[in-house]
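Asks: Quick one: structure below, then a few questions.
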Amino acid sequence: MNANAAAAATDTTGMGYLETTRSRFVTVWLPLSVFLFVLLFPFYWMVITTLKPNEELLSREGNPFWVINPTLAHIKKLLFETAYPDWLWNTMLVSAVSTALSLVCSVLAAYAIERLRFRGARYFGMAIFLAYLVPPSILFIPLATMVYTLGLFDTRLALILTYPTFLIPFCTWLLMGYFKSIPLELEECALIDGASRWQILWRIVLPLAVPGLISAGIFAFTLSWNEFIYALTFVSSSEVKTVPVGVVTELVEGDVYHWGSLMAGALFGALPVALLYSFFVEYYVSGLTGAVKE
Amino acid sequence: MDRILDNRNVLGFLFLLPAGALLLLFLTYPLGLGTWLGFTDAKIGRPGVFVGLDNFQFLTQDAVALLSLFNTLFYTIVASILKFVLGLWLAILLNEHLPFKSMIRAIVLLPFIVPTALSAIAFWWIYDTQFSIISWTLVRMGVIDQYVNFLGDPWLARLSTIAANVWRGVPFIAITLLAGLQTISPSLYEAAALDGATGWQRFRHITLPLLTPIIAVVMTFSVLFTFTDFQLIYVLTRGGPLNATHLMATLSFQRAISGGALGEGAALATAMVPFLMAAILFSYFGLQRRKWQQGGSDR
């Protein structure tokens with residue numbers, strides 16, 4: 001595979017020159033623009049709906065694709081008349097803490113499995129991978145009873161402690177791949193110089209694995225930001241809800257849907273992760289593709 | 001003390017302790033507890049007693065549970081096929097030489113980044129019975145003369161939820177398959193073209209075989225997450241109309257958390273496990289690496 005990748009990198013022109021401009025338009029540009037239009041339209045629609053006054057929203061006349069009198073009323077309502085700021089804060093807090101917790105656990109576990117080679121390390125590697133295949137939808141019922149018994153129901157701690165169940169397997173798996181790529185000789189030299197395992201991990205392996213740590217961190221953060229079923233089940237008061245759950249359960253009142261503030265809520269809940277992602281696209285993509293390789 | 005800490009078995013155990021303890025407590029134990037609950041008549045606030053296979057027997061005669069099984073299979077199969085075909089197509093398009101290549105790639109992944117519950121709300125609005133933008137456009141174009149009831153009709157609702165799921169899933173598949181496509185050397189295509197292979201033959205005999213291992217992994221994950229999907233359905237339809245879009249995950253939530261019948265819900269969730277195992281084994285054995293793909297001979 002690596003030889004192929006190197007060949008692909010040095011020989012990138014391929015056979016593109018065999019195609020004419022017109023056939024390229026039909027085979028590449030046309031389908032690609034349709035894909036991009038469909039993938040992006042819902043976002044455009046969120047923005048337009050957020051800015052539309054109610055009269056325009058609830059009218060079938062005129063051109064719905066554009067907004068004539070943009071208004072910030074929906075955003076104002078969302079920020080000042082609902083618990084939305086609380087939800088944002090909760091989501092940020094829960095995502096940040098559970099990501100940090102998972103990263104610490106995963107670094108230690110990945111290093112132990114990949115480099116300490118203790119007895120049974122391979123089986124732990126397999127177990128971690130299997131753990132990643134366990135979906136939250138079959139865990140939420142027993143977890144709900146546990147959360148209740150432990151007295152954690154309706155607390156942020158319930159989410160902070162349960163999110164690592166899907167973050168740790170993913171981060172460990174990803175970091176194992178990164179640690180594998182660090183030359184063993186570096187560690188051997190340090191061992192001979194009298195460094196302890198702890199010093200090796202802290203001073204040599206971690207600094208070299210920073211890209212992997214960023215990938216894992218970004219990925220874990222977006223995964224916890226997106227989490228829905230645990231947050232829906234383990235929390236019931238408005239003050240502790242996360243953005244996805246709050247928007248779905250509290251902004252929908254009765255039969256009258258306030259589409260403007262609903263869309264504003266969806267938009268503002270999506271923006272933080274979208275921004276974070278836009279700064280770290282390369283890391284995110286390498287995390288995504290690194291996780292499915294092997 | 002230092003001696004003990006230098007022993008790799010002791011140190012390995014210590015390093016694994018935090019991750020292991022969290023996973024044992026909040027993953028392995030609940031997995032067992034969930035299975036056990038499925039064999040009891042537990043309700044919210046009341047620990048249950050062992051009732052054997054009663055829950056499962058009840059579920060096999062429960063029309064709604066059977067319908068949810070059908071819906072889950074239909075949803076998973078149709079959505080996975082669509083996601084695979086469209087994702088592979090998009091990956092091939094993105095592998096072309098394009099201006100703003102990296103920017104287009106970054107944009108493509110956006111639907112996958114954004115929380116599903118939030119994009120599902122956008123779809124809910126797009127599918128609205130009175131103000132749907134799709135209906136508006138189709139009416140203006142003269143294709144239909146009245147607004148489509150996207151989420152109100154059983155089959156339309158099934159297809160609409162599948163469309164939303166495909167929208168979110170295609171970018172993931174496209175970007176991961178693209179990573180696989182980039183490892184295929186262009187010289188293979190050139191050699192095939194010189195031998196007179198058509199575009200389809202080049203795709204069928206070069207792209208597809210070399211991509212199989214990564215397709216296997218990506219599709220396993222995709223099937224797994226589609227089969228156990230919850231948020232999209234919960235937000236868009238809550239399982240309606242007439243339970244037509246209830247998946248096993250949403251039904252088990254409704255029975256266990258909203259309805260309080262923990263045992264029954266847990267049994268329903270446990271019933272998903274054999275299907276998941278089958279999907280994993282199928283893709284593992286059916287699509288795993290062939291020897292010749294790594295330079296050896298097949299048999």
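For the structure tokens, the naming scheme is as follows: chains receive sequential letters (A, B, ...) according to their order of presentation, residues are indexed from 1 within each chain, and ligands are indexed from 1 in presentation order.
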Counting only C-alpha atoms, which residues in stretch 153-191 of chain B sit no more than 9 Å from stretch 94-101 of chain B? For each one, give the nearest pair of atoms and the distance in Å, sorted by chain then residue number, as a tab-separated table.

Replies:
```
residue	atom	partner	partner_atom	distance
B:Ala174	CA	B:Leu94	CA	8.4
B:Ile175	CA	B:Leu94	CA	8.6
B:Leu178	CA	B:Asn95	CA	6.6
B:Leu181	CA	B:Asn95	CA	7.2
B:Gln182	CA	B:Asn95	CA	7.1
```

Asks: Write a file of the selected residues as an mmCIF file, in the first residue's frame, keeping N, CA and C atoms.

Replies:
```
data_model
loop_
_atom_site.group_PDB
_atom_site.id
_atom_site.type_symbol
_atom_site.label_atom_id
_atom_site.label_comp_id
_atom_site.auth_asym_id
_atom_site.auth_seq_id
_atom_site.Cartn_x
_atom_site.Cartn_y
_atom_site.Cartn_z
ATOM 1 N N ALA B 174 -17.706 9.049 1.478
ATOM 2 C CA ALA B 174 -16.930 9.632 0.383
ATOM 3 C C ALA B 174 -15.515 9.967 0.842
ATOM 4 N N ILE B 175 -15.383 10.604 2.000
ATOM 5 C CA ILE B 175 -14.052 11.049 2.440
ATOM 6 C C ILE B 175 -13.162 9.861 2.797
ATOM 7 N N LEU B 178 -12.209 8.128 -0.378
ATOM 8 C CA LEU B 178 -11.258 8.969 -1.100
ATOM 9 C C LEU B 178 -9.839 8.681 -0.628
ATOM 10 N N LEU B 181 -8.836 5.693 -2.398
ATOM 11 C CA LEU B 181 -8.605 5.943 -3.824
ATOM 12 C C LEU B 181 -7.238 6.566 -4.062
ATOM 13 N N GLN B 182 -6.821 7.439 -3.140
ATOM 14 C CA GLN B 182 -5.567 8.158 -3.329
ATOM 15 C C GLN B 182 -4.348 7.248 -3.256
#
```

Asks: DSSP on the backbone: which residues in stretch 132-285 of chain A end up as helix (DSSP H, G or I)? Give the answer as an MDAnalysis selection string.

Replies: chainID A and resid 132 136:138 140:149 156:162 164:180 184:192 197:208 210:226 229:234 238:240 243:250 259:279 281:285

Asks: Report the distance between atom CA of A:Arg117 and atom CA of B:Phe13 in Å, rounded to one decimal place.

Replies: 10.9 Å

Asks: Report as a list in words all protein, DNA and RNA residues lying within 10 Å of stretch 71-81 of chain A, evaluated on only C-alpha atoms, omitting residues in the same chain fewer than 6 positions from it.

Replies: Thr49, Thr50, Leu51, Lys52, Pro53, Asn54, Val247, Leu251, His258, Trp259, Gly260, Ser261, Leu262, Met263, Ala264, Gly265 and Phe268 of chain A

Asks: Figure out the distance between atom CA of A:Cys171 and atom CA of A:Trp198, please, to one decimal in Å.

Replies: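 For atom CA of A:Trp198 relative to atom CA of A:Cys171, the distance reads 19.9 Å.
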
Asks: Work out how far apart atom CA of A:Leu108 and atom CA of A:Leu161 are and give it in Å to one decimal.

Replies: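 Going from atom CA of A:Leu108 over to atom CA of A:Leu161, I get 17.8 Å.
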